[in-house]
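For reference, coords.pdb is printed below; it contains PDB, C-alpha atoms and all ligand atoms.
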MODEL        1
ATOM      1  CA  MET A   1     -44.829 229.229  53.419
ATOM      2  CA  THR A   2     -45.843 232.853  54.006
ATOM      3  CA  ASN A   3     -43.842 235.765  52.692
ATOM      4  CA  LEU A   4     -42.585 237.765  55.694
ATOM      5  CA  ARG A   5     -42.259 241.055  53.819
ATOM      6  CA  ASN A   6     -45.628 240.777  52.058
ATOM      7  CA  PRO A   7     -48.040 238.182  53.524
ATOM      8  CA  ALA A   8     -50.379 238.563  50.518
ATOM      9  CA  LEU A   9     -47.817 236.856  48.247
ATOM     10  CA  ARG A  10     -47.959 233.053  47.937
ATOM     11  CA  SER A  11     -44.672 231.236  47.554
ATOM     12  CA  VAL A  12     -44.226 229.415  44.251
ATOM     13  CA  ALA A  13     -43.481 226.331  46.397
ATOM     14  CA  ASP A  14     -47.114 226.341  47.626
ATOM     15  CA  GLN A  15     -48.716 226.659  44.181
ATOM     16  CA  SER A  16     -49.867 223.984  41.724
ATOM     17  CA  GLU A  17     -48.406 223.960  38.217
ATOM     18  CA  ALA A  18     -51.706 225.335  36.844
ATOM     19  CA  GLU A  19     -51.583 228.242  39.343
ATOM     20  CA  ARG A  20     -48.010 228.986  38.270
ATOM     21  CA  GLY A  21     -49.202 229.473  34.670
ATOM     22  CA  GLY A  22     -48.570 225.964  33.289
ATOM     23  CA  PRO A  23     -45.384 223.886  32.814
ATOM     24  CA  GLY A  24     -43.704 226.451  30.542
ATOM     25  CA  SER A  25     -44.108 229.488  32.807
ATOM     26  CA  ILE A  26     -41.023 231.014  34.401
ATOM     27  CA  LEU A  27     -42.440 230.071  37.829
ATOM     28  CA  SER A  28     -42.713 226.361  36.927
ATOM     29  CA  ARG A  29     -39.353 226.257  35.120
ATOM     30  CA  GLN A  30     -37.605 227.932  38.068
ATOM     31  CA  SER A  31     -39.288 225.650  40.580
ATOM     32  CA  ARG A  32     -38.266 222.493  38.640
ATOM     33  CA  ASP A  33     -34.670 223.630  38.211
ATOM     34  CA  HIS A  34     -34.373 224.626  41.902
ATOM     35  CA  ALA A  35     -35.704 221.163  42.867
ATOM     36  CA  GLU A  36     -33.212 219.410  40.552
ATOM     37  CA  LEU A  37     -30.352 221.492  41.975
ATOM     38  CA  ASP A  38     -31.482 220.621  45.489
ATOM     39  CA  GLU A  39     -31.562 216.910  44.609
ATOM     40  CA  LEU A  40     -27.960 217.104  43.310
ATOM     41  CA  MET A  41     -26.863 218.862  46.537
ATOM     42  CA  ARG A  42     -28.569 216.147  48.624
ATOM     43  CA  ALA A  43     -26.832 213.497  46.505
ATOM     44  CA  TYR A  44     -23.507 215.121  47.516
ATOM     45  CA  ASP A  45     -24.405 214.411  51.175
ATOM     46  CA  ARG A  46     -25.053 210.743  50.353
ATOM     47  CA  ALA A  47     -21.999 210.272  48.083
ATOM     48  CA  THR A  48     -19.538 207.675  49.310
ATOM     49  CA  SER A  49     -16.414 208.518  47.247
ATOM     50  CA  ALA A  50     -14.363 211.660  46.556
ATOM     51  CA  GLN A  51     -14.768 211.002  42.813
ATOM     52  CA  GLU A  52     -18.572 210.983  43.074
ATOM     53  CA  ARG A  53     -18.558 214.131  45.234
ATOM     54  CA  GLY A  54     -16.320 215.863  42.666
ATOM     55  CA  ARG A  55     -18.658 214.888  39.810
ATOM     56  CA  LEU A  56     -21.702 216.173  41.752
ATOM     57  CA  VAL A  57     -19.996 219.488  42.626
ATOM     58  CA  ALA A  58     -19.126 219.998  38.923
ATOM     59  CA  GLU A  59     -22.737 219.249  37.955
ATOM     60  CA  VAL A  60     -24.175 221.618  40.590
ATOM     61  CA  ALA A  61     -21.711 224.342  39.515
ATOM     62  CA  GLU A  62     -22.601 224.139  35.820
ATOM     63  CA  ARG A  63     -26.355 223.987  36.429
ATOM     64  CA  ALA A  64     -26.289 226.857  38.980
ATOM     65  CA  LEU A  65     -24.223 229.071  36.652
ATOM     66  CA  ARG A  66     -26.490 228.511  33.650
ATOM     67  CA  HIS A  67     -29.566 229.097  35.812
ATOM     68  CA  ALA A  68     -28.197 232.345  37.315
ATOM     69  CA  PHE A  69     -26.853 233.734  34.023
ATOM     70  CA  ALA A  70     -30.294 233.311  32.407
ATOM     71  CA  GLU A  71     -31.886 235.054  35.398
ATOM     72  CA  GLU A  72     -29.521 238.004  35.168
ATOM     73  CA  THR A  73     -30.028 238.421  31.419
ATOM     74  CA  VAL A  74     -33.771 237.593  31.107
ATOM     75  CA  LEU A  75     -35.667 237.313  34.411
ATOM     76  CA  PHE A  76     -34.317 240.321  36.340
ATOM     77  CA  PRO A  77     -34.582 242.746  33.395
ATOM     78  CA  ALA A  78     -38.196 241.558  32.906
ATOM     79  CA  TYR A  79     -38.884 242.053  36.611
ATOM     80  CA  ARG A  80     -37.430 245.583  36.516
ATOM     81  CA  ARG A  81     -39.450 246.378  33.424
ATOM     82  CA  PHE A  82     -42.829 245.184  34.739
ATOM     83  CA  LEU A  83     -42.366 246.319  38.339
ATOM     84  CA  ALA A  84     -40.625 249.552  37.451
ATOM     85  CA  GLY A  85     -38.973 251.044  40.526
ATOM     86  CA  GLU A  86     -41.102 248.981  42.939
ATOM     87  CA  ASP A  87     -38.422 246.871  44.556
ATOM     88  CA  ASP A  88     -35.090 247.283  42.843
ATOM     89  CA  GLU A  89     -33.508 246.502  46.195
ATOM     90  CA  LEU A  90     -34.746 242.910  45.846
ATOM     91  CA  THR A  91     -33.029 242.256  42.491
ATOM     92  CA  ARG A  92     -29.862 243.914  43.814
ATOM     93  CA  HIS A  93     -29.954 241.624  46.868
ATOM     94  CA  ILE A  94     -30.365 238.543  44.618
ATOM     95  CA  GLU A  95     -27.586 239.726  42.291
ATOM     96  CA  GLY A  96     -25.437 239.936  45.442
ATOM     97  CA  ASP A  97     -26.321 236.277  46.158
ATOM     98  CA  HIS A  98     -25.335 235.379  42.591
ATOM     99  CA  GLN A  99     -21.986 237.150  42.982
ATOM    100  CA  ALA A 100     -21.417 235.181  46.204
ATOM    101  CA  VAL A 101     -22.252 231.899  44.387
ATOM    102  CA  ASN A 102     -19.933 232.814  41.491
ATOM    103  CA  ASP A 103     -17.073 233.723  43.870
ATOM    104  CA  ALA A 104     -17.551 230.490  45.829
ATOM    105  CA  LEU A 105     -17.519 228.455  42.578
ATOM    106  CA  VAL A 106     -14.303 230.177  41.454
ATOM    107  CA  ARG A 107     -12.791 229.219  44.854
ATOM    108  CA  LEU A 108     -14.005 225.639  44.407
ATOM    109  CA  GLN A 109     -12.574 225.463  40.883
ATOM    110  CA  ARG A 110      -9.139 226.345  42.330
ATOM    111  CA  ALA A 111      -9.455 224.232  45.499
ATOM    112  CA  ASP A 112      -7.955 220.800  45.935
ATOM    113  CA  PRO A 113     -10.812 218.293  46.554
ATOM    114  CA  ALA A 114      -8.467 216.455  48.915
ATOM    115  CA  SER A 115      -7.829 219.568  51.079
ATOM    116  CA  ALA A 116      -9.236 219.823  54.604
ATOM    117  CA  ASP A 117     -11.473 222.844  53.929
ATOM    118  CA  TYR A 118     -12.918 221.670  50.563
ATOM    119  CA  ASP A 119     -16.086 220.240  52.115
ATOM    120  CA  ALA A 120     -16.698 223.471  54.097
ATOM    121  CA  VAL A 121     -16.388 225.561  50.897
ATOM    122  CA  VAL A 122     -18.818 223.217  49.091
ATOM    123  CA  ARG A 123     -21.372 223.438  51.905
ATOM    124  CA  ALA A 124     -21.099 227.242  52.117
ATOM    125  CA  THR A 125     -21.705 227.397  48.350
ATOM    126  CA  PHE A 126     -24.769 225.129  48.612
ATOM    127  CA  GLU A 127     -26.161 227.325  51.385
ATOM    128  CA  VAL A 128     -26.014 230.459  49.192
ATOM    129  CA  ILE A 129     -27.616 228.575  46.266
ATOM    130  CA  ARG A 130     -30.498 227.449  48.522
ATOM    131  CA  HIS A 131     -30.923 230.949  50.009
ATOM    132  CA  ASP A 132     -31.102 232.407  46.486
ATOM    133  CA  ALA A 133     -33.787 229.888  45.425
ATOM    134  CA  HIS A 134     -35.909 230.778  48.496
ATOM    135  CA  ASP A 135     -35.650 234.534  47.818
ATOM    136  CA  GLU A 136     -36.891 233.935  44.281
ATOM    137  CA  GLU A 137     -39.674 231.443  45.079
ATOM    138  CA  ASP A 138     -41.020 233.332  48.120
ATOM    139  CA  ASP A 139     -40.633 236.912  46.936
ATOM    140  CA  LEU A 140     -39.433 237.827  43.436
ATOM    141  CA  LEU A 141     -41.472 235.321  41.393
ATOM    142  CA  PRO A 142     -44.807 235.865  43.268
ATOM    143  CA  ARG A 143     -44.366 239.638  42.784
ATOM    144  CA  LEU A 144     -43.795 239.142  39.067
ATOM    145  CA  GLN A 145     -46.849 236.849  38.946
ATOM    146  CA  GLN A 146     -49.037 239.624  40.383
ATOM    147  CA  ALA A 147     -47.768 242.129  37.814
ATOM    148  CA  VAL A 148     -48.084 240.188  34.521
ATOM    149  CA  SER A 149     -50.414 237.708  32.760
ATOM    150  CA  ALA A 150     -49.875 233.918  32.675
ATOM    151  CA  ARG A 151     -49.129 234.273  28.961
ATOM    152  CA  ARG A 152     -46.315 236.718  29.748
ATOM    153  CA  LEU A 153     -44.982 234.344  32.433
ATOM    154  CA  ARG A 154     -44.754 231.632  29.738
ATOM    155  CA  ALA A 155     -42.991 233.991  27.295
ATOM    156  CA  ILE A 156     -40.434 234.932  29.986
ATOM    157  CA  GLY A 157     -40.081 231.204  30.772
ATOM    158  CA  ALA A 158     -39.293 230.353  27.137
ATOM    159  CA  ALA A 159     -36.715 233.178  26.871
ATOM    160  CA  TRP A 160     -35.102 232.141  30.177
ATOM    161  CA  GLU A 161     -34.818 228.509  29.014
ATOM    162  CA  ALA A 162     -33.272 229.537  25.667
ATOM    163  CA  GLN A 163     -30.686 231.705  27.452
ATOM    164  CA  ARG A 164     -29.924 228.962  30.001
ATOM    165  CA  ARG A 165     -29.000 226.563  27.170
ATOM    166  CA  THR A 166     -26.428 228.946  25.654
ATOM    167  CA  SER A 167     -24.928 230.467  28.828
ATOM    168  CA  PRO A 168     -21.311 230.137  30.075
ATOM    169  CA  THR A 169     -20.738 226.780  31.792
ATOM    170  CA  ARG A 170     -17.842 227.751  34.108
ATOM    171  CA  PRO A 171     -17.440 230.451  36.779
ATOM    172  CA  HIS A 172     -15.484 233.556  35.748
ATOM    173  CA  PRO A 173     -14.152 236.014  38.352
ATOM    174  CA  ARG A 174     -15.018 239.305  36.682
ATOM    175  CA  VAL A 175     -18.334 238.957  34.816
ATOM    176  CA  PRO A 176     -20.698 241.833  35.735
ATOM    177  CA  ARG A 177     -24.078 240.763  37.155
ATOM    178  CA  GLU A 178     -26.213 243.234  35.187
ATOM    179  CA  PRO A 179     -26.947 243.807  31.468
ATOM    180  CA  PRO A 180     -25.477 244.853  29.136
ATOM    181  CA  GLY A 181     -22.103 243.929  30.726
ATOM    182  CA  ASN A 182     -23.061 240.328  31.551
ATOM    183  CA  VAL A 183     -24.444 239.722  28.029
ATOM    184  CA  LEU A 184     -21.363 241.218  26.314
ATOM    185  CA  ALA A 185     -18.984 239.254  28.545
ATOM    186  CA  GLY A 186     -21.116 236.104  28.594
ATOM    187  CA  ILE A 187     -21.343 235.323  24.871
ATOM    188  CA  PRO A 188     -17.577 234.933  24.169
ATOM    189  CA  LEU A 189     -17.146 233.166  27.541
ATOM    190  CA  ALA A 190     -19.904 230.704  26.609
ATOM    191  CA  VAL A 191     -18.065 229.903  23.353
ATOM    192  CA  SER A 192     -14.683 229.408  25.066
ATOM    193  CA  ASP A 193     -16.303 227.365  27.896
ATOM    194  CA  ARG A 194     -17.847 225.009  25.355
ATOM    195  CA  VAL A 195     -14.500 224.590  23.614
ATOM    196  CA  LYS A 196     -12.969 223.653  27.000
ATOM    197  CA  ASP A 197     -15.932 221.382  27.856
ATOM    198  CA  GLY A 198     -15.507 219.554  24.529
ATOM    199  CA  VAL A 199     -11.798 219.101  25.172
ATOM    200  CA  ASP A 200     -12.401 217.865  28.732
ATOM    201  CA  HIS A 201     -14.717 215.173  27.434
ATOM    202  CA  ALA A 202     -12.520 214.161  24.499
ATOM    203  CA  LEU A 203      -9.039 213.909  26.059
ATOM    204  CA  PRO A 204      -7.687 212.292  29.249
ATOM    205  CA  VAL A 205      -7.079 214.499  32.336
ATOM    206  CA  GLY A 206      -3.508 215.855  32.559
ATOM    207  CA  SER A 207      -2.532 215.220  28.938
ATOM    208  CA  THR A 208      -0.495 217.936  27.190
ATOM    209  CA  ARG A 209      -2.839 217.733  24.198
ATOM    210  CA  ARG A 210      -5.766 218.481  26.523
ATOM    211  CA  ARG A 211      -3.995 221.555  27.951
ATOM    212  CA  LEU A 212      -3.100 222.898  24.513
ATOM    213  CA  ALA A 213      -6.275 221.890  22.641
ATOM    214  CA  PRO A 214      -8.382 224.965  23.592
ATOM    215  CA  LEU A 215      -5.678 227.276  22.242
ATOM    216  CA  VAL A 216      -5.455 225.251  19.030
ATOM    217  CA  LEU A 217      -9.241 225.257  18.548
ATOM    218  CA  LEU A 218      -9.511 229.011  19.233
ATOM    219  CA  ALA A 219      -6.642 229.682  16.826
ATOM    220  CA  LEU A 220      -8.407 227.582  14.168
ATOM    221  CA  ALA A 221     -11.680 229.476  14.761
ATOM    222  CA  ALA A 222      -9.855 232.825  14.477
ATOM    223  CA  GLY A 223      -8.168 231.618  11.267
ATOM    224  CA  ILE A 224     -11.530 230.686   9.729
ATOM    225  CA  VAL A 225     -12.925 234.166  10.536
ATOM    226  CA  VAL A 226      -9.887 235.896   8.990
ATOM    227  CA  ALA A 227     -10.028 233.657   5.883
ATOM    228  CA  ARG A 228     -13.768 234.380   5.427
ATOM    229  CA  ARG A 229     -13.178 238.139   5.739
ATOM    230  CA  ARG A 230     -10.426 237.980   3.123
ATOM    231  CA  ALA A 231     -12.597 235.858   0.812
ATOM    232  CA  GLY A 232     -15.473 238.367   1.252
TER     233      GLY A 232
HETATM  234 FE    FE B 301     -30.975 233.026  41.289
HETATM  235 FE    FE B 302     -33.624 230.703  40.381
ENDMDL
END
Starting from the file, give its structure as structure tokens.
Ligand SMILES: [Fe+2]
Ligand SMILES: [Fe+2]
Amino acid sequence: MTNLRNPALRSVADQSEAERGGPGSILSRQSRDHAELDELMRAYDRATSAQERGRLVAEVAERALRHAFAEETVLFPAYRRFLAGEDDELTRHIEGDHQAVNDALVRLQRADPASADYDAVVRATFEVIRHDAHDEEDDLLPRLQQAVSARRLRAIGAAWEAQRRTSPTRPHPRVPREPPGNVLAGIPLAVSDRVKDGVDHALPVGSTRRRLAPLVLLALAAGIVVARRRAG
């Protein structure tokens, strides 16, 4: 695949793992995660029940959000730092894609899987996720590769992976796409998302205890903080 804006750049999709800087480089990590996301979206097409489609949409949503949050807090700032002023338009375009993905996921979260337009919203969301992955593999990542060493690509890869593991797991309507706003908003959201995720796994859907449990857990956490402050 040739980059239309700059034919000298080689898409990450056309490079071997060694050319990308090894398995830990940001290019290899991005490529693997994009491929896994794509496989989940293809599995949605093959799914035979509404329950399976719902599970796959939830999995795509969580993985895409973690992936994008780590890009906004690690990859894009690194890109802006090492390619200072060269193509800020590109990161702004990709942040626009991320906002579109986030908005679509918020819509999906509120949509009824049994409604007539649910499938169309899912497919529109998948399209933006795929478009975003192409922009990064064909343009942003090859540009970064030309600007920094393979060692630096591995360091950015490790930081991106660490951030991906601790990012928010659910879409939120008003999280800014750029640092420091996304970092400041993302940390407390990641904590509250994990509380909700834990509750979702522990209690049956629709139970009153499940609806109230996040509030109880947050109240307990706040109580522990207050008690520690008093003790200190
Ligand atoms: Fe992205
Ligand atoms: Fe990506």
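Rounded to one decimal, atom CA of Val128 of chain A and atom CA of Val74 of chain A lie 20.9 Å from each other.
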How close does each residue of chain A get to ligand FE 301 (chain B), giving the shortest atom pair and distance in Å to one decimal for every residue with an atom at most 12 Å away, counting all atoms listed in the file, sorted by chain and residue number, as JSON lines?
{"residue": "A:Gln30", "atom": "CA", "partner": "B:FE301", "partner_atom": "FE", "distance": 9.0}
{"residue": "A:Ser31", "atom": "CA", "partner": "B:FE301", "partner_atom": "FE", "distance": 11.1}
{"residue": "A:Asp33", "atom": "CA", "partner": "B:FE301", "partner_atom": "FE", "distance": 10.6}
{"residue": "A:His34", "atom": "CA", "partner": "B:FE301", "partner_atom": "FE", "distance": 9.1}
{"residue": "A:Leu37", "atom": "CA", "partner": "B:FE301", "partner_atom": "FE", "distance": 11.6}
{"residue": "A:Arg63", "atom": "CA", "partner": "B:FE301", "partner_atom": "FE", "distance": 11.3}
{"residue": "A:Ala64", "atom": "CA", "partner": "B:FE301", "partner_atom": "FE", "distance": 8.1}
{"residue": "A:Leu65", "atom": "CA", "partner": "B:FE301", "partner_atom": "FE", "distance": 9.1}
{"residue": "A:Arg66", "atom": "CA", "partner": "B:FE301", "partner_atom": "FE", "distance": 9.9}
{"residue": "A:His67", "atom": "CA", "partner": "B:FE301", "partner_atom": "FE", "distance": 6.9}
{"residue": "A:Ala68", "atom": "CA", "partner": "B:FE301", "partner_atom": "FE", "distance": 4.9}
{"residue": "A:Phe69", "atom": "CA", "partner": "B:FE301", "partner_atom": "FE", "distance": 8.4}
{"residue": "A:Ala70", "atom": "CA", "partner": "B:FE301", "partner_atom": "FE", "distance": 8.9}
{"residue": "A:Glu71", "atom": "CA", "partner": "B:FE301", "partner_atom": "FE", "distance": 6.3}
{"residue": "A:Glu72", "atom": "CA", "partner": "B:FE301", "partner_atom": "FE", "distance": 8.0}
{"residue": "A:Thr73", "atom": "CA", "partner": "B:FE301", "partner_atom": "FE", "distance": 11.3}
{"residue": "A:Val74", "atom": "CA", "partner": "B:FE301", "partner_atom": "FE", "distance": 11.5}
{"residue": "A:Leu75", "atom": "CA", "partner": "B:FE301", "partner_atom": "FE", "distance": 9.4}
{"residue": "A:Phe76", "atom": "CA", "partner": "B:FE301", "partner_atom": "FE", "distance": 9.4}
{"residue": "A:Leu90", "atom": "CA", "partner": "B:FE301", "partner_atom": "FE", "distance": 11.5}
{"residue": "A:Thr91", "atom": "CA", "partner": "B:FE301", "partner_atom": "FE", "distance": 9.5}
{"residue": "A:Arg92", "atom": "CA", "partner": "B:FE301", "partner_atom": "FE", "distance": 11.2}
{"residue": "A:His93", "atom": "CA", "partner": "B:FE301", "partner_atom": "FE", "distance": 10.3}
{"residue": "A:Ile94", "atom": "CA", "partner": "B:FE301", "partner_atom": "FE", "distance": 6.5}
{"residue": "A:Glu95", "atom": "CA", "partner": "B:FE301", "partner_atom": "FE", "distance": 7.6}
{"residue": "A:Gly96", "atom": "CA", "partner": "B:FE301", "partner_atom": "FE", "distance": 9.8}
{"residue": "A:Asp97", "atom": "CA", "partner": "B:FE301", "partner_atom": "FE", "distance": 7.5}
{"residue": "A:His98", "atom": "CA", "partner": "B:FE301", "partner_atom": "FE", "distance": 6.2}
{"residue": "A:Gln99", "atom": "CA", "partner": "B:FE301", "partner_atom": "FE", "distance": 10.0}
{"residue": "A:Ala100", "atom": "CA", "partner": "B:FE301", "partner_atom": "FE", "distance": 11.0}
{"residue": "A:Val101", "atom": "CA", "partner": "B:FE301", "partner_atom": "FE", "distance": 9.3}
{"residue": "A:Asn102", "atom": "CA", "partner": "B:FE301", "partner_atom": "FE", "distance": 11.0}
{"residue": "A:Val128", "atom": "CA", "partner": "B:FE301", "partner_atom": "FE", "distance": 9.7}
{"residue": "A:Ile129", "atom": "CA", "partner": "B:FE301", "partner_atom": "FE", "distance": 7.5}
{"residue": "A:Arg130", "atom": "CA", "partner": "B:FE301", "partner_atom": "FE", "distance": 9.1}
{"residue": "A:His131", "atom": "CA", "partner": "B:FE301", "partner_atom": "FE", "distance": 9.0}
{"residue": "A:Asp132", "atom": "CA", "partner": "B:FE301", "partner_atom": "FE", "distance": 5.2}
{"residue": "A:Ala133", "atom": "CA", "partner": "B:FE301", "partner_atom": "FE", "distance": 5.9}
{"residue": "A:His134", "atom": "CA", "partner": "B:FE301", "partner_atom": "FE", "distance": 9.0}
{"residue": "A:Asp135", "atom": "CA", "partner": "B:FE301", "partner_atom": "FE", "distance": 8.2}
{"residue": "A:Glu136", "atom": "CA", "partner": "B:FE301", "partner_atom": "FE", "distance": 6.7}
{"residue": "A:Glu137", "atom": "CA", "partner": "B:FE301", "partner_atom": "FE", "distance": 9.6}
{"residue": "A:Asp139", "atom": "CA", "partner": "B:FE301", "partner_atom": "FE", "distance": 11.8}
{"residue": "A:Leu140", "atom": "CA", "partner": "B:FE301", "partner_atom": "FE", "distance": 10.0}
{"residue": "A:Leu141", "atom": "CA", "partner": "B:FE301", "partner_atom": "FE", "distance": 10.7}
{"residue": "A:Trp160", "atom": "CA", "partner": "B:FE301", "partner_atom": "FE", "distance": 11.9}
{"residue": "A:Arg177", "atom": "CA", "partner": "B:FE301", "partner_atom": "FE", "distance": 11.2}
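Distances here use all atoms listed in the file; by that measure, the residue among A:Ala8, A:Leu108, A:Ala18, A:Leu27 closest to ligand FE 302 (chain B) is A:Leu27.
For the pair atom CA of Pro23 of chain A and atom CA of Gly157 of chain A, the separation is 9.3 Å.
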Worksheet item: How many Å lie between atom CA of Glu59 of chain A and atom CA of Leu40 of chain A, rounded to one decimal?
Response: 7.8 Å
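Proximity of A:Ser115, A:Thr166, A:Thr48, A:Ser28 to ligand FE 302 (chain B), computed with only C-alpha atoms and all ligand atoms, is greatest for A:Ser28.
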Take every atom of segment 160-169 of chain A listed in the file, pad by 6 Å on each side, and give me the axis-aligned box centre and edge lengths in Å, one decimal, as lines of an AutoDock Vina configuration file.
center_x = -27.9
center_y = 229.4
center_z = 28.7
size_x = 26.4
size_y = 17.6
size_z = 18.1
Discussion item. Just checking: using only C-alpha atoms and all ligand atoms, which residue out of A:Arg32, A:Arg107, A:Arg53, A:Arg46 ends up closest to ligand FE 302 (chain B)?
Written reply: A:Arg32
Practice prompt. Using all atoms listed in the file, find the one residue out of A:Ser11, A:Ser16, A:Gln163, A:Gln51 that sits nearest to Pro142 of chain A.
Written response: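 Comparing A:Ser11, A:Ser16, A:Gln163, A:Gln51 against Pro142 of chain A, the winner is A:Ser11.
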Worksheet item: Pick from A:Glu89, A:Glu62, A:Glu39, A:Glu52: nearest to Arg164 of chain A, with all atoms listed in the file counted?
Response: A:Glu62
Item to complete: Measuring atom to atom with all atoms listed in the file, identify which of A:Pro113, A:Val148, A:Asp45, A:Asp138 is nearest to ligand FE 302 (chain B).
Response: A:Asp138
